[in-house]
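**Q** One structure, pasted below without further comment.
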Amino acid sequence: MTEPLGDEPILSVRNLKKHYPITEGVLSREVGAARAVDGISFDLHPGETLGLVGESGCGKSTAASSIIRLEEATDGEVIFNGGDRWGRRPEDGSHPNDVTRFDDEELMSFRRDAQMIFQDPSSSFDPRMSVGASVAEPLMVHGMNDKTQRREIVEDLLERVGLSADDYERYPHEFSGGQKQRIALARALVLNPELIVADEPVSALDVSIRAEILSLISDLQDEFGLSMLFISHDMSVIREVCDRVAVMYLGEIVEIGDAEDVFSDPQHPYTEALLSAIPTPDPRTDRKDIELRGTVPSPTDPPDGCRFHTRCHRVIQPADIDMVQEHWRSLLNFRDQAAAGGIDVESAREVVRVEAEGEEPSDAAVKEEIRSEFELPESLSDAAAEETLDESLDLLLAGDEAAASERLGSAFTTPCEQSDPELTDHGDGHRSACLLHDADQESQDIAAADD
Ligand code: ADP
Ligand code: MG
């Protein structure tokens, strides 16, 4: 393969999608799709470590395996080492370095240049093979037939990952999880790759040895001049090793930028929430843990508009509503539960009955109980909203959940479920997708026009 081209990205991911079909019945009729990765784009530059972070199920591993082509992408491009000097093919506009279109020979060469490290070091090794033979295997596959030379390379690598040359003849079960991950690193490096994709490389390890392995990864990355896509669900791990960060939510990238900028000045509410979960050594900091309430959506049926709106603590209030932000979040959760038929009036009544030691509860008491379950205040500060809420509670108690849901649905909507935010630039390549940015921009524009 070609050498990396200075400032050109080593990897350009463009609108990458991976949808898994959902089938039904004996004929496997396709009835839908899990949009595990749903149009992500980013560049990785030579020598850089880009962190891909997001909670479990957001599509990180699917992105990794589509990029490295362990799985076939549904759509999009993965351009490896192909800067501007490579033209597009006139026939179909495709890029000659698009991994998703590589033929077998190109793929073989790509597999030498791009290596992957997985979460579970135990499953990465054949228990019947000595670790030396395991590490040497890729050399053999790629045609290095000189046994002595292979052994020399492997022994040297074992030492560079903090083991010893004597470990060559030992077997995987003789090593701890951390040591196995060191061996996995040696094997990933044996072909002198340009790109490493590491999928949760320390998540399966004891907390006590994570730091060691992370610092080894950083050292190796410098030493070998590697470019790395580093995947983790844990912001504190990302902070240890990454130059840049991409935050993923339900198949999409919602924020990307230099690690320093993303950590010190997060723009997306989801990033904010992830950061708030990092334990701080200083108990006096006033940063409070942001608790994400609301429905966790599925990639088979992602919410309209901003995909995060069902859980967002900053979900926007429409112009005609003005209330405490937490109450607005609670109100939308209540609305969504009503729509899903998930409000159990009878069990609320039962709770009150038990509390009142068997006395038949008043409607007011049951309504209060439901409000408290949904973290709704005794009364909303917005009078019109309060009236609607109270009416819909009455409808629920009267057993007409459909009418209650209808009432809530027509009165309470958020702009966040109506338009899909674009990535907005905050300078220095720091971008994020949130409607609040548009609102900020508008008010700035208005302020500027007023001047
Ligand atoms: P992460 O690595 O961020 O935890 P994954 O990429 O493993 O997330 O999964 C993303 C989504 O895709 C999840 O909802 C998961 O259930 C779904 N998914 C992953 N692999 C498959 C598959 N082979 N078939 C169907 N759905 C899948
Ligand atoms: Mg994963």
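In the structure tokens, each chain is lettered A, B, ... as it comes, each chain's residues begin at 1, and ligands are numbered from 1 in order of appearance.
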Identify, counting only C-alpha atoms and all ligand atoms, the protein, DNA and RNA residues located within 9 Å of ligand 2, and give them as a list in words.
**A** Glu55, Ser56, Gly57, Cys58, Gly59, Lys60, Ser61, Thr62, Ala64, Gln119, Asp199, Glu200, Ile231, Ser232 and His233 of chain A
**Q** Since we have the selection now, will you write its residues out, keeping N, CA and C atoms, as a PDB file, in the first residue's frame?
**A**
```
ATOM      1  N   GLU A  55     -22.825   4.809  24.578  1.00  0.00           N
ATOM      2  CA  GLU A  55     -23.229   3.700  25.439  1.00  0.00           C
ATOM      3  C   GLU A  55     -23.418   2.417  24.637  1.00  0.00           C
ATOM      4  N   SER A  56     -23.517   1.329  25.358  1.00  0.00           N
ATOM      5  CA  SER A  56     -23.660   0.019  24.752  1.00  0.00           C
ATOM      6  C   SER A  56     -24.839  -0.012  23.782  1.00  0.00           C
ATOM      7  N   GLY A  57     -24.628  -0.584  22.598  1.00  0.00           N
ATOM      8  CA  GLY A  57     -25.691  -0.717  21.622  1.00  0.00           C
ATOM      9  C   GLY A  57     -25.802   0.437  20.645  1.00  0.00           C
ATOM     10  N   CYS A  58     -24.952   1.466  20.767  1.00  0.00           N
ATOM     11  CA  CYS A  58     -25.094   2.637  19.891  1.00  0.00           C
ATOM     12  C   CYS A  58     -24.483   2.404  18.519  1.00  0.00           C
ATOM     13  N   GLY A  59     -23.762   1.282  18.348  1.00  0.00           N
ATOM     14  CA  GLY A  59     -23.262   0.958  17.007  1.00  0.00           C
ATOM     15  C   GLY A  59     -21.755   1.029  16.834  1.00  0.00           C
ATOM     16  N   LYS A  60     -21.011   1.133  17.921  1.00  0.00           N
ATOM     17  CA  LYS A  60     -19.549   1.278  17.818  1.00  0.00           C
ATOM     18  C   LYS A  60     -18.892   0.053  17.176  1.00  0.00           C
ATOM     19  N   SER A  61     -19.237  -1.133  17.688  1.00  0.00           N
ATOM     20  CA  SER A  61     -18.602  -2.347  17.152  1.00  0.00           C
ATOM     21  C   SER A  61     -19.015  -2.590  15.703  1.00  0.00           C
ATOM     22  N   THR A  62     -20.260  -2.289  15.403  1.00  0.00           N
ATOM     23  CA  THR A  62     -20.728  -2.446  14.029  1.00  0.00           C
ATOM     24  C   THR A  62     -19.964  -1.497  13.108  1.00  0.00           C
ATOM     25  N   ALA A  64     -16.922  -0.392  13.625  1.00  0.00           N
ATOM     26  CA  ALA A  64     -15.559  -0.927  13.516  1.00  0.00           C
ATOM     27  C   ALA A  64     -15.506  -2.079  12.517  1.00  0.00           C
ATOM     28  N   GLN A 119     -12.199  -6.761  22.562  1.00  0.00           N
ATOM     29  CA  GLN A 119     -12.391  -6.602  24.001  1.00  0.00           C
ATOM     30  C   GLN A 119     -11.855  -7.785  24.815  1.00  0.00           C
ATOM     31  N   ASP A 199     -11.345  -2.230  19.711  1.00  0.00           N
ATOM     32  CA  ASP A 199     -12.739  -2.191  20.160  1.00  0.00           C
ATOM     33  C   ASP A 199     -12.821  -2.558  21.639  1.00  0.00           C
ATOM     34  N   GLU A 200     -12.988  -1.563  22.490  1.00  0.00           N
ATOM     35  CA  GLU A 200     -13.070  -1.756  23.943  1.00  0.00           C
ATOM     36  C   GLU A 200     -11.894  -2.586  24.477  1.00  0.00           C
ATOM     37  N   ILE A 231     -12.163   2.489  20.459  1.00  0.00           N
ATOM     38  CA  ILE A 231     -13.574   2.442  20.841  1.00  0.00           C
ATOM     39  C   ILE A 231     -13.739   2.151  22.324  1.00  0.00           C
ATOM     40  N   SER A 232     -14.594   2.916  22.967  1.00  0.00           N
ATOM     41  CA  SER A 232     -14.909   2.645  24.371  1.00  0.00           C
ATOM     42  C   SER A 232     -16.269   3.232  24.721  1.00  0.00           C
ATOM     43  N   HIS A 233     -16.929   2.632  25.721  1.00  0.00           N
ATOM     44  CA  HIS A 233     -18.172   3.233  26.195  1.00  0.00           C
ATOM     45  C   HIS A 233     -17.870   4.177  27.347  1.00  0.00           C
TER      46      HIS A 233
END
```
**Q** Tell me, as an MDAnalysis selection string, which residues lie within 12 Å of Thr414 of chain A, counting only C-alpha atoms; anything in the same chain fewer than 3 positions away does not count.
**A** chainID A and resid 304:306 309:310 312 314:321 328:329 331:333 335 409:411 417:420 435:436
**Q** Write down as a ChimeraX atom specification the residues belonging to segment 90-294 of chain A that are assigned helix (DSSP H, G or I) by DSSP computed on the backbone.
**A** /A:99-101,104-113,121-124,131-141,147-160,165-169,172-174,177-189,207-224,235-241,259-264,269-276
**Q** Kindly work out which residues sit at most 12 Å from ligand 1, using only C-alpha atoms and all ligand atoms, and give the list as a PyMOL selection string.
**A** chain A and resi 17-23+32-38+52-67+70-72+118-119+198-200+203+230-234+247-253+296-302
**Q** Just want the 12 Å neighbourhood of Leu376 of chain A, counted on only C-alpha atoms, with same-chain residues fewer than 6 positions away dropped. Output as a list in words.
**A**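 Skipping anything fewer than 6 positions along the chain leaves Met323, Val324, Gln325, Glu326, His327, Trp328, Arg329, Ser330, Leu331, Leu332, Asn333, Phe334, Arg335, Lys367, Glu368, Glu369, Ile370, Glu386, Leu389, Asp390 and Leu393 of chain A.
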**Q** Please report, as CSV, each residue of segment 132-207 of chain A lying at most 7 Å from segment 108-113 of chain A, together with the nearest pair of atoms and the separation in Å rounded to one decimal; use only C-alpha atoms, and order rows by chain and ascending residue number.
**A**
```
residue,atom,partner,partner_atom,distance
A:Leu191,CA,A:Arg112,CA,6.1
A:Pro193,CA,A:Asp113,CA,4.2
A:Glu194,CA,A:Asp113,CA,5.3
A:Leu195,CA,A:Asp113,CA,6.3
```
**Q** In Å, rounded to a single decimal, give me how far atom CA of Ala186 of chain A is from atom CA of Asn145 of chain A.
**A**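 Computing the Euclidean distance for atom CA of Asn145 of chain A and atom CA of Ala186 of chain A yields 19.0 Å.
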**Q** So that I can check the secondary structure, give me every residue of segment 63-142 of chain A assigned strand (DSSP E) by backbone DSSP, as a PyMOL selection string.
**A** chain A and resi 75-80+114-117
**Q** List the neighbours of Pro201 of chain A out to 10 Å using only C-alpha atoms; skip same-chain residues closer than 5 positions along the sequence, and give me the result as a PyMOL selection string.
**A** chain A and resi 116-121+178+181+184-185+210+213-214+217+230-232
**Q** Put those residues in a file: N, CA, C and O atoms, as a PDB file, in the first residue's frame.
**A**
```
ATOM      1  N   MET A 116      -7.045  -5.239  13.975  1.00  0.00           N
ATOM      2  CA  MET A 116      -8.076  -4.986  14.967  1.00  0.00           C
ATOM      3  C   MET A 116      -7.731  -5.672  16.288  1.00  0.00           C
ATOM      4  O   MET A 116      -7.163  -6.760  16.299  1.00  0.00           O
ATOM      5  N   ILE A 117      -8.090  -4.992  17.371  1.00  0.00           N
ATOM      6  CA  ILE A 117      -7.935  -5.586  18.708  1.00  0.00           C
ATOM      7  C   ILE A 117      -9.313  -5.624  19.350  1.00  0.00           C
ATOM      8  O   ILE A 117     -10.056  -4.643  19.285  1.00  0.00           O
ATOM      9  N   PHE A 118      -9.634  -6.748  19.974  1.00  0.00           N
ATOM     10  CA  PHE A 118     -10.976  -6.917  20.526  1.00  0.00           C
ATOM     11  C   PHE A 118     -10.978  -6.835  22.054  1.00  0.00           C
ATOM     12  O   PHE A 118      -9.934  -6.883  22.705  1.00  0.00           O
ATOM     13  N   GLN A 119     -12.199  -6.761  22.562  1.00  0.00           N
ATOM     14  CA  GLN A 119     -12.391  -6.602  24.001  1.00  0.00           C
ATOM     15  C   GLN A 119     -11.855  -7.785  24.815  1.00  0.00           C
ATOM     16  O   GLN A 119     -11.164  -7.597  25.807  1.00  0.00           O
ATOM     17  N   ASP A 120     -12.197  -8.985  24.373  1.00  0.00           N
ATOM     18  CA  ASP A 120     -11.917 -10.156  25.190  1.00  0.00           C
ATOM     19  C   ASP A 120     -10.646 -10.865  24.733  1.00  0.00           C
ATOM     20  O   ASP A 120     -10.659 -11.599  23.758  1.00  0.00           O
ATOM     21  N   PRO A 121      -9.543 -10.655  25.460  1.00  0.00           N
ATOM     22  CA  PRO A 121      -8.283 -11.252  25.007  1.00  0.00           C
ATOM     23  C   PRO A 121      -8.304 -12.778  25.071  1.00  0.00           C
ATOM     24  O   PRO A 121      -7.580 -13.429  24.335  1.00  0.00           O
ATOM     25  N   GLY A 178      -4.635  -9.184  31.402  1.00  0.00           N
ATOM     26  CA  GLY A 178      -3.825  -8.042  30.974  1.00  0.00           C
ATOM     27  C   GLY A 178      -2.666  -8.488  30.091  1.00  0.00           C
ATOM     28  O   GLY A 178      -2.368  -7.881  29.062  1.00  0.00           O
ATOM     29  N   GLN A 181      -3.849  -9.361  26.709  1.00  0.00           N
ATOM     30  CA  GLN A 181      -4.084  -8.191  25.858  1.00  0.00           C
ATOM     31  C   GLN A 181      -2.745  -7.652  25.334  1.00  0.00           C
ATOM     32  O   GLN A 181      -2.674  -7.150  24.221  1.00  0.00           O
ATOM     33  N   ALA A 184      -2.057  -9.790  22.436  1.00  0.00           N
ATOM     34  CA  ALA A 184      -2.918  -9.391  21.310  1.00  0.00           C
ATOM     35  C   ALA A 184      -2.346  -8.151  20.624  1.00  0.00           C
ATOM     36  O   ALA A 184      -2.393  -8.022  19.394  1.00  0.00           O
ATOM     37  N   LEU A 185      -1.794  -7.235  21.420  1.00  0.00           N
ATOM     38  CA  LEU A 185      -1.157  -6.051  20.841  1.00  0.00           C
ATOM     39  C   LEU A 185       0.054  -6.454  19.996  1.00  0.00           C
ATOM     40  O   LEU A 185       0.245  -5.951  18.885  1.00  0.00           O
ATOM     41  N   ARG A 210      -6.031  -1.630  33.986  1.00  0.00           N
ATOM     42  CA  ARG A 210      -6.412  -0.846  32.808  1.00  0.00           C
ATOM     43  C   ARG A 210      -5.390   0.230  32.477  1.00  0.00           C
ATOM     44  O   ARG A 210      -5.002   0.410  31.328  1.00  0.00           O
ATOM     45  N   ILE A 213      -2.304  -0.968  30.654  1.00  0.00           N
ATOM     46  CA  ILE A 213      -2.513  -1.333  29.256  1.00  0.00           C
ATOM     47  C   ILE A 213      -2.751  -0.071  28.413  1.00  0.00           C
ATOM     48  O   ILE A 213      -2.255   0.056  27.299  1.00  0.00           O
ATOM     49  N   LEU A 214      -3.483   0.884  28.980  1.00  0.00           N
ATOM     50  CA  LEU A 214      -3.714   2.131  28.248  1.00  0.00           C
ATOM     51  C   LEU A 214      -2.400   2.857  28.004  1.00  0.00           C
ATOM     52  O   LEU A 214      -2.171   3.390  26.911  1.00  0.00           O
ATOM     53  N   ILE A 217      -0.579   1.134  25.270  1.00  0.00           N
ATOM     54  CA  ILE A 217      -1.151   1.463  23.963  1.00  0.00           C
ATOM     55  C   ILE A 217      -0.646   2.826  23.494  1.00  0.00           C
ATOM     56  O   ILE A 217      -0.223   2.986  22.350  1.00  0.00           O
ATOM     57  N   PHE A 230     -10.086   4.177  18.408  1.00  0.00           N
ATOM     58  CA  PHE A 230     -10.134   3.579  19.741  1.00  0.00           C
ATOM     59  C   PHE A 230     -11.560   3.652  20.264  1.00  0.00           C
ATOM     60  O   PHE A 230     -12.105   4.727  20.490  1.00  0.00           O
ATOM     61  N   ILE A 231     -12.163   2.489  20.459  1.00  0.00           N
ATOM     62  CA  ILE A 231     -13.574   2.442  20.841  1.00  0.00           C
ATOM     63  C   ILE A 231     -13.739   2.151  22.324  1.00  0.00           C
ATOM     64  O   ILE A 231     -13.091   1.253  22.863  1.00  0.00           O
ATOM     65  N   SER A 232     -14.594   2.916  22.967  1.00  0.00           N
ATOM     66  CA  SER A 232     -14.909   2.645  24.371  1.00  0.00           C
ATOM     67  C   SER A 232     -16.269   3.232  24.721  1.00  0.00           C
ATOM     68  O   SER A 232     -16.712   4.197  24.113  1.00  0.00           O
TER      69      SER A 232
END
```
